[in-house]
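> Have a look at this one.
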Amino acid sequence: MSVWRGPFGVTWRQCMRASALPTAAAALLAAVGHAWDAPVLAGDGAAAAAATPWLTLPLFVAAVGCCLVAARTWPTFVRGQEGADAVRRIARGPLGGRGAVAAGALTAQLTLSLPLALALAGWFGAPPEAQRHVEAEGPATPIVDSVGAQLLFVVRPSLRAQSVWLRPRASLPQGPDPTQLSLTSGGVELTDAPISFEESRELVKVPFAPRELAALQVTQTAGHVPLLFGPGSVVVVGAAPLPRWGNAALLTLYAAATSVGTLILAAALGLGAGWSTVAAAVVAAQFVQWIGGIGPVDEALLDVLRGRWLL
């Protein structure tokens, strides 16, 4: 039996036949909806990031549709389906053809999602180039609260960087002046421009000439506002631009990853449950990942539209 005529090919064709039109309709709705009510926001990539729900819609429809079709198409995937006995006599492997069915569904989802992610990322205004963003690792007590206080942050993996984004939390001021900081790496100060904070979660982007960065030191030079540099408050931005199309392609792999766990769950439930139970589990599993924010896909969608490289 050829791959095209086996469970892989049958599932791929069924997924494409059943899911292509709903996915295309969702993509059209997303494109029109975004164009009708596109926000105007300050900041690079801010308006594009606000379009995350619109990008989610067609990719979510493709993921749910392909998983449902896979569970419905193959007779042994769900208990009590017609033709299961005949399939068991042919598919004698330990998975009974379920692995090939899942692979066909995932391939169909990638086939549908890839052109949509590439086109919609550009339509929604994602930056044409993406940069790597690496969160620097700070000390156990990442607080500066007096002149001369220092914190050392490690950048793993090290990268050739062009800026550092600082977003600390501020405590109650102990005097009238905002806190000023200096940034050094290898004993060299990264910028002569003033770095000042007086509000909590205030974002300051510190650009500098591209250089290899493995660690950086934050030193308080003046001021009376204690600052807490928790996780994610020091982000190093890479200097090498990477293509938007590559980032969008990676997004489709994140989207397919949500279906891997969903299909495993569906196959396990299908051993003892009927179609309605398995269908409800598929929709619920995809919903909590895409809409509920459980798993990496929610953050990946935002990163693509902000121009942050996913790897």
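Just remember, in the structure tokens the first chain shown is A, the second B, etc., residues are 1-based per chain, and ligands are 1-based in the order shown.
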Range 104-176 of chain A near range 191-214 of chain A within 6 Å: what's each residue's closest atom pair and its distance in Å to one decimal, counting only C-alpha atoms, ordered by chain then ascending residue number, as a tab-separated table?

```
residue	atom	partner	partner_atom	distance
A:Val155	CA	A:Ala214	CA	4.9
A:Ser158	CA	A:Ala214	CA	4.4
A:Leu159	CA	A:Glu212	CA	5.6
A:Arg160	CA	A:Glu212	CA	4.1
A:Ala161	CA	A:Pro210	CA	5.4
A:Gln162	CA	A:Pro210	CA	4.5
A:Ser163	CA	A:Pro207	CA	4.1
A:Val164	CA	A:Val206	CA	5.1
A:Trp165	CA	A:Lys205	CA	4.5
A:Leu166	CA	A:Val204	CA	5.3
A:Arg167	CA	A:Leu203	CA	4.6
A:Pro168	CA	A:Arg201	CA	5.3
A:Arg169	CA	A:Ser200	CA	4.5
A:Ala170	CA	A:Ser200	CA	4.2
```
> Could you save those same residues with N, CA and C atoms as a PDB file, in the first residue's frame?

```pdb
ATOM      1  N   VAL A 155      24.244  36.694  29.855  1.00  0.00           N
ATOM      2  CA  VAL A 155      23.479  36.509  28.626  1.00  0.00           C
ATOM      3  C   VAL A 155      23.773  35.104  28.080  1.00  0.00           C
ATOM      4  N   SER A 158      25.333  33.799  24.532  1.00  0.00           N
ATOM      5  CA  SER A 158      25.864  35.115  24.172  1.00  0.00           C
ATOM      6  C   SER A 158      25.529  35.396  22.709  1.00  0.00           C
ATOM      7  N   LEU A 159      25.405  36.664  22.368  1.00  0.00           N
ATOM      8  CA  LEU A 159      25.070  37.017  20.992  1.00  0.00           C
ATOM      9  C   LEU A 159      25.615  38.393  20.656  1.00  0.00           C
ATOM     10  N   ARG A 160      25.710  38.641  19.386  1.00  0.00           N
ATOM     11  CA  ARG A 160      26.092  39.976  18.918  1.00  0.00           C
ATOM     12  C   ARG A 160      24.860  40.852  19.032  1.00  0.00           C
ATOM     13  N   ALA A 161      24.929  41.852  19.911  1.00  0.00           N
ATOM     14  CA  ALA A 161      23.753  42.636  20.279  1.00  0.00           C
ATOM     15  C   ALA A 161      23.887  44.072  19.806  1.00  0.00           C
ATOM     16  N   GLN A 162      22.706  44.725  19.723  1.00  0.00           N
ATOM     17  CA  GLN A 162      22.682  46.128  19.318  1.00  0.00           C
ATOM     18  C   GLN A 162      21.925  47.006  20.314  1.00  0.00           C
ATOM     19  N   SER A 163      21.252  46.405  21.280  1.00  0.00           N
ATOM     20  CA  SER A 163      20.556  47.201  22.295  1.00  0.00           C
ATOM     21  C   SER A 163      20.184  46.321  23.482  1.00  0.00           C
ATOM     22  N   VAL A 164      19.888  46.990  24.579  1.00  0.00           N
ATOM     23  CA  VAL A 164      19.387  46.329  25.790  1.00  0.00           C
ATOM     24  C   VAL A 164      18.109  47.034  26.208  1.00  0.00           C
ATOM     25  N   TRP A 165      17.062  46.250  26.502  1.00  0.00           N
ATOM     26  CA  TRP A 165      15.803  46.802  26.973  1.00  0.00           C
ATOM     27  C   TRP A 165      15.700  46.579  28.470  1.00  0.00           C
ATOM     28  N   LEU A 166      15.472  47.661  29.197  1.00  0.00           N
ATOM     29  CA  LEU A 166      15.365  47.603  30.659  1.00  0.00           C
ATOM     30  C   LEU A 166      13.942  47.954  31.070  1.00  0.00           C
ATOM     31  N   ARG A 167      13.357  47.118  31.943  1.00  0.00           N
ATOM     32  CA  ARG A 167      12.000  47.379  32.416  1.00  0.00           C
ATOM     33  C   ARG A 167      11.857  46.913  33.866  1.00  0.00           C
ATOM     34  N   PRO A 168      12.499  47.614  34.807  1.00  0.00           N
ATOM     35  CA  PRO A 168      12.449  47.184  36.208  1.00  0.00           C
ATOM     36  C   PRO A 168      11.174  47.661  36.911  1.00  0.00           C
ATOM     37  N   ARG A 169      10.942  47.086  38.057  1.00  0.00           N
ATOM     38  CA  ARG A 169       9.876  47.572  38.944  1.00  0.00           C
ATOM     39  C   ARG A 169      10.473  48.574  39.925  1.00  0.00           C
ATOM     40  N   ALA A 170       9.758  49.673  40.134  1.00  0.00           N
ATOM     41  CA  ALA A 170      10.233  50.716  41.035  1.00  0.00           C
ATOM     42  C   ALA A 170       9.510  50.634  42.367  1.00  0.00           C
TER      43      ALA A 170
END
```
> Within 10 Å of range 65-68 of chain A, counting only C-alpha atoms, which residues qualify if same-chain residues fewer than 3 places away don't, as JSON, numbers by chain?
{"A": [11, 12, 14, 15, 16, 17, 18, 19, 20, 22, 23, 59, 60, 61, 62, 71, 72, 73, 101, 102, 104, 105, 106, 107, 108, 109, 110, 112, 259, 260, 262, 263, 266, 275, 278, 279, 280, 281, 282, 283, 286]}
> Would you please give, as a PyMOL selection string, all residues of range 55-218 of chain A that DSSP assigns to helix (DSSP H, G or I) based on the backbone?
chain A and resi 55-73+84-90+98-123
> Using only C-alpha atoms, which residue out of A:Pro178, A:Gly261, A:Pro128, A:Gly270 lies closest to Gly307 in chain A?
A:Pro128
> Using only C-alpha atoms, which residues sit within 8 Å of Ala248 in chain A once same-chain residues fewer than 5 positions away are excluded, as a list of chain:residue names?
A:Leu114, A:Ala117, A:Leu118, A:Ala121, A:Val304
> Print the selection's residues with all heavy atoms to a file, as a PDB file, in the first residue's frame.

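What landed in result24.pdb:
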```pdb
ATOM      1  N   LEU A 114       0.875  27.397   6.696  1.00  0.00           N
ATOM      2  CA  LEU A 114       2.082  28.095   6.253  1.00  0.00           C
ATOM      3  C   LEU A 114       1.783  29.299   5.362  1.00  0.00           C
ATOM      4  O   LEU A 114       2.249  30.412   5.655  1.00  0.00           O
ATOM      5  CB  LEU A 114       3.021  27.111   5.548  1.00  0.00           C
ATOM      6  CG  LEU A 114       4.347  27.696   5.045  1.00  0.00           C
ATOM      7  CD1 LEU A 114       5.120  28.314   6.198  1.00  0.00           C
ATOM      8  CD2 LEU A 114       5.180  26.614   4.359  1.00  0.00           C
ATOM      9  N   ALA A 117       0.121  32.090   7.513  1.00  0.00           N
ATOM     10  CA  ALA A 117       1.024  32.787   8.433  1.00  0.00           C
ATOM     11  C   ALA A 117       1.924  33.752   7.684  1.00  0.00           C
ATOM     12  O   ALA A 117       2.165  34.881   8.140  1.00  0.00           O
ATOM     13  CB  ALA A 117       1.853  31.764   9.215  1.00  0.00           C
ATOM     14  N   LEU A 118       2.432  33.331   6.529  1.00  0.00           N
ATOM     15  CA  LEU A 118       3.302  34.211   5.739  1.00  0.00           C
ATOM     16  C   LEU A 118       2.554  35.447   5.252  1.00  0.00           C
ATOM     17  O   LEU A 118       3.054  36.577   5.344  1.00  0.00           O
ATOM     18  CB  LEU A 118       3.865  33.438   4.545  1.00  0.00           C
ATOM     19  CG  LEU A 118       4.797  32.263   4.854  1.00  0.00           C
ATOM     20  CD1 LEU A 118       5.152  31.521   3.572  1.00  0.00           C
ATOM     21  CD2 LEU A 118       6.049  32.735   5.569  1.00  0.00           C
ATOM     22  N   ALA A 121       0.994  37.732   8.402  1.00  0.00           N
ATOM     23  CA  ALA A 121       2.007  38.460   9.170  1.00  0.00           C
ATOM     24  C   ALA A 121       2.368  39.769   8.471  1.00  0.00           C
ATOM     25  O   ALA A 121       2.514  40.816   9.107  1.00  0.00           O
ATOM     26  CB  ALA A 121       3.242  37.595   9.374  1.00  0.00           C
ATOM     27  N   VAL A 304       5.920  36.894  16.859  1.00  0.00           N
ATOM     28  CA  VAL A 304       5.993  37.056  15.407  1.00  0.00           C
ATOM     29  C   VAL A 304       5.542  38.450  14.995  1.00  0.00           C
ATOM     30  O   VAL A 304       6.185  39.124  14.175  1.00  0.00           O
ATOM     31  CB  VAL A 304       5.146  35.983  14.695  1.00  0.00           C
ATOM     32  CG1 VAL A 304       4.957  36.315  13.223  1.00  0.00           C
ATOM     33  CG2 VAL A 304       5.814  34.617  14.835  1.00  0.00           C
TER      34      VAL A 304
END
```
